[in-house]
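Below: one structure, written as structure tokens.
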Amino acid sequence: MASPSPPAAFDHAPGLSLQIISLAGELWSGEVREVSLPGSEGRFGVMARHAPLLGTLREGMVSVYPLGAEPPLQVYVTGGYVEVQPGKVIVMADLALRSEDLDQARARVAAEAARSPMAVAFTDEDYARVHAELMQQRARS
């Protein structure tokens, strides 16, 4: 006797459509085999035929695993919402940056901080001298 074929609901599903949108517009969209999200109650993964879901996201990384041969992608989100349907996921983030953009943003912020008036004041020779004198007085106390 031949074994019965599995119901259609268990057929292998190749992937699902993912769209990541922030207040600045669409950041990424495409077909994925899986996406891992920072839910407000903890991380969770979504694959094709996932049960419908509407949830909130906390700050963290969204891990995207494209359907093709592309390498996984990391997207930083500051929070937002996710809508999951059996064949589609929409991430609506307050702010979203791709991981390579995040590194560039961190470098830009660090460079701006180094040029700030406060940073310049703290690297001034007079400041260094006063700081050394205070440390010596503190050591003597």
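By convention here, the chains of the structure tokens are called A, B, ... in the order presented, each chain's residues are numbered starting at 1, and ligands are numbered starting at 1 in the order presented.
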Q: Please identify all polymer residues within 7 Å of region 87-95 of chain A, counting only C-alpha atoms, omitting same-chain residues fewer than 3 positions from it, and present them as a VMD selection string.
A: chain A and resid 16 to 23 48 to 49 77 to 84
Q) Among region 16-86 of chain A, which residues carry a DSSP assignment of strand (DSSP E or B), reported as a PyMOL selection string? A) chain A and resi 16-22+25-39+42-47+53-57+60-66+73-77+80-85
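CA of Pro14 (chain A) sits 19.2 Å away from CA of Trp28 (chain A).
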Q.
Env of region 39-47 of chain A: 8 Å cut, atoms = only C-alpha atoms, seq-sep filter 6 positions within chain, self excluded. Answer as a ChimeraX atom specification.
A. /A:15-16,33,55-58,84
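Note that the spacing between CA of Glu34 (chain A) and CA of Pro66 (chain A) amounts to 7.3 Å.
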Q.
Please compute the CA of Leu53 (chain A)-CA of Gly68 (chain A) distance, one decimal, in Å.
A. 25.2 Å
Would you mind listing what lies within 12 Å of Leu73 (chain A) as a CSV table (one decimal) with C-alpha atoms, in the first residue's frame, with only C-alpha atoms counted and same-chain residues fewer than 6 positions away left out?
chain,number,residue,atom,x,y,z
A,20,ILE,CA,11.5,46.5,5.2
A,27,LEU,CA,15.1,50.1,2.7
A,28,TRP,CA,15.0,46.5,1.3
A,29,SER,CA,12.6,44.2,-0.4
A,30,GLY,CA,12.9,40.8,-2.0
A,32,VAL,CA,13.7,35.4,1.4
A,34,GLU,CA,13.7,33.2,6.4
A,35,VAL,CA,13.7,36.4,8.5
A,36,SER,CA,14.6,36.6,12.2
A,61,MET,CA,18.9,43.5,14.3
A,62,VAL,CA,16.7,41.9,11.7
A,63,SER,CA,18.5,39.0,10.1
A,64,VAL,CA,17.4,38.5,6.4
A,65,TYR,CA,18.2,35.2,4.6
A,66,PRO,CA,17.6,35.8,0.9
A,67,LEU,CA,16.2,33.0,-1.2
A,97,LEU,CA,19.8,50.9,8.6
A,98,ARG,CA,21.6,48.1,6.7
A,99,SER,CA,24.6,46.8,8.7
A,100,GLU,CA,27.1,48.4,6.3
A,101,ASP,CA,25.3,51.7,6.6
